[in-house]
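So the structure is just underneath, and the comments pick up after that.
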Amino acid sequence: MTVRTRFAPSPTGYLHIGGARTALFSWLYAKRHQGKFVLRIEDTDRERSTQEAVDAILEGMQWLGLTYDEGPFYQSERMERYKEVIQKLLDDAHAYKCYCSREELDAMRAEQMANKEKARYDRRCRAIALPPADKVDVEPVIRFKTSIDGNVVINDHVKGKIVINNKELDDLIIARGDGTPTYNLVVVIDDLDMDMTHIIRGDDHLNNTPRQINILKAMGAQIPEYAHLPMILDEQGAKLSKRHGAANLLNYREEGYLPEALLNYLVRLGWSHADQEIFSIDEMIELFDLDDINKSASSINPDKLLWLNQHYIKEGDPEHVAKHLAWHMEKQGINTDNGPALTVIVSVLAERSKTLVEMAQSSRYFFEDFAEFDEKAAKKNLKAGALEPLQKMLERFSAVSDWKGETLHQILLDVAEELELKLKLGKVAQPLRVAVTGAGMSPSIDVTLELIGRERCLSRMNKAIEYIEAKVAAQ
């Protein structure tokens with residue numbers, strides 16, 4: 001048997017971390033068993049489905065690297081197939097037409113509740129062959145004829161064995177009065193037609209599963225295996241809000257996270273392997289199993305995600321990190337054509353960057369000049385005592401044609417010794433750092449100088465000297 005899994009989001013909203021985790025688990029299981037992973041867009045809700053949401057789902061999947069073997073398939077393009085199955089269920093007496101009005105259904109449920117009975121459809125149209133005389137103009141809904149006897153048994157990979165008595169289920173509507181099919185029917189037809197062997201989805205779908213299994217049985221289909229994933233909660237154990245993960249998954253890209261960090265984070269929301277925290281994609285594929293998924297809900301931990309992101313920035317292939325950094329540089333309007341290679345930027349800033357947004361912001365001075373010095377850094381470092389060291393370094397730097405870090409560092413040491421500041425090298429290096437970067441933080445000064453480049457450094461040092469001279473003159 002070839003394992004076939006699917007991810008079937010509804011484009012009525014953006015892909016969020018709960019959906020992304022479902023996609024990841026389905027993808028991993030298929031990959032581990034050399035199977036197929038299918039993407040299906042469940043867009044039958046035409047009023048709420050949007051192309052914007054579809055695009056965000058596809059973009060999010062691409063960013064995460066969750067490539068699908070088949071699809072995307074769109075339910076909106078399969079309406080003829082759904083109508084064909086509805087008619088077949090009617091012909092085989094597995095479904096029937098229901099002529100009950102909304103008022104009748106409301107009255108029926110009110111009476112049941114008054115009698116302290118479970119509110120559900122009482123199957124009053126189940127044995128009607130023709131519409132009643134007063135309902136000949138009514139467009140009936142189509143209901144599935146649920147078996148009154150027996151049980152539905154679900155051997156769930158996460159929840160364990162679940163037994164549902166058919167008496168607890170009503171005859172659900174599988175087609176509305178206008179002929180459009182409902183969710184519980186179309187998902188069954190799609191899973192059947194696409195040969196799904198394993199259905200991995202959130203446990204909010206668990207109530208639908210016995211109904212769907214009954215429809216599959218009526219169609220003579222092989223019943224797939226199920227794994228219903230527990231919810232993801234926020235830090236306080238409440239349902240996720242947009243602020244805590246229920247928003248667009250691509251917000252994580254906007255905030256500077258690497259896809260590998262988010263995938264590693266997601267896989268640990270409900271699954272574990274011993275005490276291991278960091279997993280490569282290959283390790284996830286090798287180790288992941290549905291039976292190891294936790295039964296209880298998981299809570300998000302933003303600090304852990306940030307820690308993972310910093311790990312992948314530091315330990316990742318600089319070329320790969322640079323590819324994602326390039327997106328952020330463009331987003332921040334930084335032209336990288338005239339400056340060091342982004343792989344070099346990654347190498348020198350990885351240790352001090354928790355996100356790619358931070359890295360992009362911290363690297364701006366390598367590529368473009370700044371209008372003003374940072375006020376706090378300038379007040380502390382660009383003062384009268386820094387004037388002579390900067391002037392001497394400018395003079396000597398101007399004579400250097402081989403602009404290399406080692407050469408520049410030696411000049412800095414020579415100036416410090418000449419000014420008897422050897423034991424206080426910071427009094428030379430820190431004003432220089434502020435002069436060439438505009439702020440007080442950067443990689444080692446020799447690396448910083450080399451990467452900024454000769455002409456930019458000399459120009460900025462001149463600017464700093466003029467700044468100090470103007471400040472001194474104003475006192």
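Just remember, in the structure tokens the first chain shown is A, the second B, etc., residues are 1-based per chain, and ligands are 1-based in the order shown.
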At a cut-off of 9 Å, can you tabulate as a tab-separated table every residue of segment 185-247 of chain A near segment 162-174 of chain A together with its closest atom pair and the distance in Å to one decimal, using only C-alpha atoms and ordering rows by chain then number?
```
residue	atom	partner	partner_atom	distance
A:Leu185	CA	A:Ile174	CA	5.6
A:Val186	CA	A:Ile174	CA	8.4
A:Pro210	CA	A:Ile164	CA	7.1
A:Arg211	CA	A:Leu169	CA	7.4
```
Could you please take those selected residues and save all heavy atoms as a PDB file, in the first residue's frame?
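Below is the file result12.pdb, written as the result:
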```pdb
ATOM      1  N   LEU A 185     -19.876  15.680   2.873  1.00  0.00           N
ATOM      2  CA  LEU A 185     -19.946  14.819   1.685  1.00  0.00           C
ATOM      3  C   LEU A 185     -18.738  15.038   0.787  1.00  0.00           C
ATOM      4  O   LEU A 185     -18.090  14.074   0.375  1.00  0.00           O
ATOM      5  CB  LEU A 185     -21.223  15.085   0.891  1.00  0.00           C
ATOM      6  CG  LEU A 185     -21.315  14.264  -0.403  1.00  0.00           C
ATOM      7  CD1 LEU A 185     -21.506  12.791  -0.081  1.00  0.00           C
ATOM      8  CD2 LEU A 185     -22.428  14.771  -1.304  1.00  0.00           C
ATOM      9  N   VAL A 186     -18.428  16.288   0.485  1.00  0.00           N
ATOM     10  CA  VAL A 186     -17.363  16.526  -0.492  1.00  0.00           C
ATOM     11  C   VAL A 186     -16.013  16.041   0.013  1.00  0.00           C
ATOM     12  O   VAL A 186     -15.192  15.530  -0.764  1.00  0.00           O
ATOM     13  CB  VAL A 186     -17.297  18.016  -0.898  1.00  0.00           C
ATOM     14  CG1 VAL A 186     -18.572  18.432  -1.590  1.00  0.00           C
ATOM     15  CG2 VAL A 186     -17.008  18.925   0.288  1.00  0.00           C
ATOM     16  N   PRO A 210     -17.182   9.988  12.427  1.00  0.00           N
ATOM     17  CA  PRO A 210     -18.121   8.872  12.301  1.00  0.00           C
ATOM     18  C   PRO A 210     -19.121   9.065  11.171  1.00  0.00           C
ATOM     19  O   PRO A 210     -19.503   8.104  10.491  1.00  0.00           O
ATOM     20  CB  PRO A 210     -18.812   8.814  13.671  1.00  0.00           C
ATOM     21  CG  PRO A 210     -18.560  10.133  14.316  1.00  0.00           C
ATOM     22  CD  PRO A 210     -17.247  10.591  13.777  1.00  0.00           C
ATOM     23  N   ARG A 211     -19.561  10.279  10.946  1.00  0.00           N
ATOM     24  CA  ARG A 211     -20.483  10.563   9.848  1.00  0.00           C
ATOM     25  C   ARG A 211     -19.813  10.285   8.499  1.00  0.00           C
ATOM     26  O   ARG A 211     -20.415   9.699   7.589  1.00  0.00           O
ATOM     27  CB  ARG A 211     -20.945  12.020   9.922  1.00  0.00           C
ATOM     28  CG  ARG A 211     -21.749  12.342  11.180  1.00  0.00           C
ATOM     29  CD  ARG A 211     -22.013  13.834  11.313  1.00  0.00           C
ATOM     30  NE  ARG A 211     -22.983  14.124  12.361  1.00  0.00           N
ATOM     31  CZ  ARG A 211     -22.683  14.230  13.646  1.00  0.00           C
ATOM     32  NH1 ARG A 211     -21.427  14.080  14.043  1.00  0.00           N
ATOM     33  NH2 ARG A 211     -23.626  14.480  14.533  1.00  0.00           N
TER      34      ARG A 211
END
```
**Message:** Please extract the residues of segment 221-406 of chain A with a backbone DSSP assignment of helix (DSSP H, G or I) and present them as a PyMOL selection string.
**Reply:** chain A and resi 242-244+250-254+259-267+281-287+290-292+302-315+318-331+342-352+356-362+364-367+375-381+384-398+405-406
Only C-alpha atoms, please: the residues just picked out, written as a compact mmCIF listing (two decimals), in the first residue's frame.
```txt
# COMPACT_ATOMS: atom_id res chain seq x y z
CA LYS A 242 -4.42 36.37 16.12
CA ARG A 243 -1.78 37.88 18.38
CA HIS A 244 -0.55 34.44 19.46
CA LEU A 250 3.60 34.43 6.76
CA ASN A 251 3.75 36.90 9.65
CA TYR A 252 6.56 34.70 10.98
CA ARG A 253 8.51 35.36 7.79
CA GLU A 254 7.78 39.08 8.20
CA PRO A 259 11.38 28.30 7.81
CA GLU A 260 13.60 25.59 9.35
CA ALA A 261 13.22 27.18 12.78
CA LEU A 262 9.45 27.31 12.45
CA LEU A 263 9.25 23.70 11.20
CA ASN A 264 11.40 22.52 14.12
CA TYR A 265 9.18 24.51 16.47
CA LEU A 266 5.98 23.11 14.96
CA VAL A 267 7.10 19.49 15.04
CA ILE A 281 14.32 17.97 8.15
CA ASP A 282 15.92 14.59 7.42
CA GLU A 283 15.76 13.64 11.11
CA MET A 284 12.09 14.62 11.28
CA ILE A 285 11.32 12.40 8.30
CA GLU A 286 13.29 9.50 9.73
CA LEU A 287 11.84 9.68 13.27
CA LEU A 290 1.75 9.24 14.23
CA ASP A 291 1.65 7.01 17.31
CA ASP A 292 4.15 9.28 19.08
CA PRO A 302 7.64 32.29 21.69
CA ASP A 303 10.97 32.27 23.57
CA LYS A 304 11.68 28.76 22.35
CA LEU A 305 10.92 29.75 18.77
CA LEU A 306 13.30 32.69 19.07
CA TRP A 307 15.98 30.39 20.51
CA LEU A 308 15.54 27.95 17.65
CA ASN A 309 15.68 30.76 15.12
CA GLN A 310 18.95 32.05 16.52
CA HIS A 311 20.34 28.50 16.38
CA TYR A 312 19.45 28.10 12.72
CA ILE A 313 20.84 31.54 11.86
CA LYS A 314 24.15 30.66 13.53
CA GLU A 315 24.43 27.05 12.42
CA PRO A 318 25.31 31.00 5.15
CA GLU A 319 24.14 30.82 1.53
CA HIS A 320 20.74 29.52 2.60
CA VAL A 321 20.39 32.11 5.36
CA ALA A 322 21.54 34.82 2.94
CA LYS A 323 18.79 33.84 0.49
CA HIS A 324 16.17 34.55 3.15
CA LEU A 325 18.04 37.64 4.36
CA ALA A 326 17.86 39.06 0.83
CA TRP A 327 14.06 39.08 1.09
CA HIS A 328 14.27 41.20 4.25
CA MET A 329 16.86 43.55 2.78
CA GLU A 330 14.54 44.26 -0.10
CA LYS A 331 11.62 44.62 2.31
CA LEU A 342 25.14 38.72 1.98
CA THR A 343 26.86 35.44 2.85
CA VAL A 344 29.60 37.54 4.46
CA ILE A 345 27.01 39.60 6.33
CA VAL A 346 25.47 36.39 7.66
CA SER A 347 28.88 35.15 8.81
CA VAL A 348 29.75 38.31 10.74
CA LEU A 349 26.31 39.06 12.20
CA ALA A 350 24.96 35.57 12.93
CA GLU A 351 26.18 35.51 16.52
CA ARG A 352 24.37 38.74 17.38
CA LEU A 356 16.64 38.19 10.06
CA VAL A 357 14.86 41.49 10.64
CA GLU A 358 17.50 42.34 13.26
CA MET A 359 20.26 41.22 10.90
CA ALA A 360 18.95 43.37 8.07
CA GLN A 361 18.61 46.41 10.33
CA SER A 362 22.09 45.87 11.79
CA ARG A 364 22.33 48.77 6.79
CA TYR A 365 25.52 50.79 7.32
CA PHE A 366 27.48 48.29 5.20
CA PHE A 367 25.45 49.30 2.14
CA GLU A 375 22.38 60.35 19.63
CA LYS A 376 23.31 58.21 22.63
CA ALA A 377 26.39 56.68 20.98
CA ALA A 378 27.59 60.05 19.72
CA LYS A 379 27.16 61.74 23.08
CA LYS A 380 29.27 59.06 24.74
CA ASN A 381 31.98 58.58 22.11
CA ALA A 384 36.63 66.30 22.29
CA GLY A 385 38.91 63.51 23.50
CA ALA A 386 38.16 61.46 20.39
CA LEU A 387 39.16 64.19 17.96
CA GLU A 388 42.92 63.58 17.89
CA PRO A 389 42.69 59.74 17.61
CA LEU A 390 40.21 60.05 14.74
CA GLN A 391 42.36 62.64 12.94
CA LYS A 392 45.48 60.48 13.22
CA MET A 393 43.66 57.36 12.04
CA LEU A 394 42.12 59.24 9.14
CA GLU A 395 45.55 60.44 8.07
CA ARG A 396 47.02 56.95 8.14
CA PHE A 397 43.98 55.19 6.69
CA SER A 398 44.07 57.64 3.77
CA GLY A 405 41.32 44.24 8.35
CA GLU A 406 44.72 43.20 9.69
```
**Message:** as a list in words, please: the residues near Asp92 of chain A (cut-off 12 Å, only C-alpha atoms, same-chain neighbours under 3 positions excluded).
**Reply:** Val85, Ile86, Gln87, Lys88, Leu89, Ala95, Tyr96, Phe144, Lys145, Ala218, Met219 and Gly220 of chain A
Save the residues we just selected, N, CA, C and O atoms, as a compact mmCIF listing (two decimals), in the first residue's frame?
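File result_10.txt, as written:
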```
# COMPACT_ATOMS: atom_id res chain seq x y z
N VAL A 85 -22.33 11.71 -7.30
CA VAL A 85 -22.37 10.85 -6.12
C VAL A 85 -23.67 11.04 -5.35
O VAL A 85 -24.26 10.06 -4.85
N ILE A 86 -24.14 12.26 -5.25
CA ILE A 86 -25.42 12.51 -4.57
C ILE A 86 -26.53 11.71 -5.23
O ILE A 86 -27.35 11.06 -4.55
N GLN A 87 -26.57 11.74 -6.54
CA GLN A 87 -27.61 10.99 -7.26
C GLN A 87 -27.45 9.50 -7.04
O GLN A 87 -28.44 8.78 -6.86
N LYS A 88 -26.21 9.02 -7.00
CA LYS A 88 -25.96 7.58 -6.78
C LYS A 88 -26.44 7.17 -5.38
O LYS A 88 -27.05 6.11 -5.20
N LEU A 89 -26.18 8.02 -4.38
CA LEU A 89 -26.64 7.71 -3.02
C LEU A 89 -28.17 7.69 -2.95
O LEU A 89 -28.77 6.85 -2.26
N ALA A 95 -29.60 7.78 0.66
CA ALA A 95 -29.93 9.19 0.92
C ALA A 95 -31.39 9.42 0.55
O ALA A 95 -32.00 8.61 -0.16
N TYR A 96 -31.94 10.51 1.05
CA TYR A 96 -33.35 10.81 0.76
C TYR A 96 -33.57 12.32 0.77
O TYR A 96 -32.74 13.07 1.30
N PHE A 144 -28.31 12.19 4.28
CA PHE A 144 -27.73 10.85 4.26
C PHE A 144 -28.50 9.97 5.23
O PHE A 144 -28.82 10.37 6.35
N LYS A 145 -28.79 8.76 4.81
CA LYS A 145 -29.57 7.83 5.63
C LYS A 145 -28.60 7.06 6.55
O LYS A 145 -28.08 6.00 6.20
N ALA A 218 -21.15 3.40 2.91
CA ALA A 218 -22.27 3.35 1.96
C ALA A 218 -21.77 3.34 0.52
O ALA A 218 -22.41 2.78 -0.38
N MET A 219 -20.60 3.93 0.29
CA MET A 219 -20.03 3.98 -1.04
C MET A 219 -19.13 2.78 -1.33
O MET A 219 -18.52 2.69 -2.40
N GLY A 220 -19.06 1.87 -0.34
CA GLY A 220 -18.24 0.67 -0.53
C GLY A 220 -16.75 0.95 -0.53
O GLY A 220 -15.97 0.24 -1.17
```
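With distances restricted to only C-alpha atoms, A:Ile300 is the closest residue to Leu233 of chain A from A:Ile468, A:Ile300, A:Leu425, A:Leu451.
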**Prompt:** Between atom CA of Pro9 of chain A and atom CA of Gly237 of chain A, what is the spacing in Å?
**Reply:** 24.4 Å
**Computed interatomic separation between atom CA of Asp106 of chain A and atom CA of Asp137 of chain A (Å)** = 20.5 Å
**Request:** Mind the document's chain letters and residue numbers, and return as a PyMOL selection string the residues of segment 107-348 of chain A that DSSP labels strand (DSSP E).
**Result:** chain A and resi 141-144+151-156+160-165+173-175+198-202+225-229+232-233+298-299
Would you save the residues of that selection, restricted to C-alpha atoms, as a PDB file, in the first residue's frame?
```
ATOM      1  CA  VAL A 141     -32.308  19.173   0.953  1.00  0.00           C
ATOM      2  CA  ILE A 142     -30.696  15.756   0.618  1.00  0.00           C
ATOM      3  CA  ARG A 143     -29.989  13.850   3.804  1.00  0.00           C
ATOM      4  CA  PHE A 144     -27.728  10.849   4.263  1.00  0.00           C
ATOM      5  CA  ASN A 151     -21.427   1.386  16.048  1.00  0.00           C
ATOM      6  CA  VAL A 152     -18.713   3.309  14.285  1.00  0.00           C
ATOM      7  CA  VAL A 153     -15.260   2.317  15.557  1.00  0.00           C
ATOM      8  CA  ILE A 154     -12.351   4.683  15.040  1.00  0.00           C
ATOM      9  CA  ASN A 155      -8.884   3.361  15.855  1.00  0.00           C
ATOM     10  CA  ASP A 156      -7.305   6.767  16.052  1.00  0.00           C
ATOM     11  CA  GLY A 160      -6.930   5.572  20.660  1.00  0.00           C
ATOM     12  CA  LYS A 161     -10.063   3.490  20.128  1.00  0.00           C
ATOM     13  CA  ILE A 162     -13.254   5.528  19.882  1.00  0.00           C
ATOM     14  CA  VAL A 163     -16.699   3.901  19.632  1.00  0.00           C
ATOM     15  CA  ILE A 164     -19.729   5.914  18.512  1.00  0.00           C
ATOM     16  CA  ASN A 165     -23.229   4.412  18.551  1.00  0.00           C
ATOM     17  CA  ILE A 173     -27.598  17.081   5.149  1.00  0.00           C
ATOM     18  CA  ILE A 174     -25.294  16.234   2.231  1.00  0.00           C
ATOM     19  CA  ALA A 175     -26.799  18.687  -0.293  1.00  0.00           C
ATOM     20  CA  HIS A 198      -4.290   8.416   6.306  1.00  0.00           C
ATOM     21  CA  ILE A 199      -6.352  11.419   7.380  1.00  0.00           C
ATOM     22  CA  ILE A 200      -4.332  13.687   9.682  1.00  0.00           C
ATOM     23  CA  ARG A 201      -6.252  16.713  10.930  1.00  0.00           C
ATOM     24  CA  GLY A 202      -7.193  18.711  14.012  1.00  0.00           C
ATOM     25  CA  GLU A 225      -6.714   5.524   9.097  1.00  0.00           C
ATOM     26  CA  TYR A 226      -7.211   8.637  11.221  1.00  0.00           C
ATOM     27  CA  ALA A 227      -5.044  10.796  13.453  1.00  0.00           C
ATOM     28  CA  HIS A 228      -6.773  13.718  15.157  1.00  0.00           C
ATOM     29  CA  LEU A 229      -4.302  16.271  16.473  1.00  0.00           C
ATOM     30  CA  ILE A 232      -2.456  24.344  20.063  1.00  0.00           C
ATOM     31  CA  LEU A 233      -3.052  26.770  22.931  1.00  0.00           C
ATOM     32  CA  SER A 298       0.351  21.877  23.332  1.00  0.00           C
ATOM     33  CA  SER A 299       1.067  25.465  24.307  1.00  0.00           C
TER      34      SER A 299
END
```
**Request:** Would you list the contacts of Pro72 of chain A as number ranges by chain, taking every protein, DNA or RNA residue within 7 Å and counting only C-alpha atoms, but skipping same-chain residues closer than 5 positions in sequence?
**Result:** A: 39-41
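The shortest atom-to-atom distance to Asp203 of chain A, with only C-alpha atoms taken into account, belongs to A:His157 out of A:Glu277, A:Asn462, A:His157, A:Val138.
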**Message:** If I take atom CA of Asn184 of chain A and atom CA of Asp55 of chain A, how far is one from the other in Å, to one decimal?
**Reply:** 24.6 Å
**Request:** Would you kindly return, as a PyMOL selection string, each protein, DNA or RNA residue with an atom no farther than 10 Å from any atom of Arg456 of chain A, considering only C-alpha atoms and excluding same-chain residues fewer than 2 positions away?
**Result:** chain A and resi 365-369+436-437+449+451-454+458-462
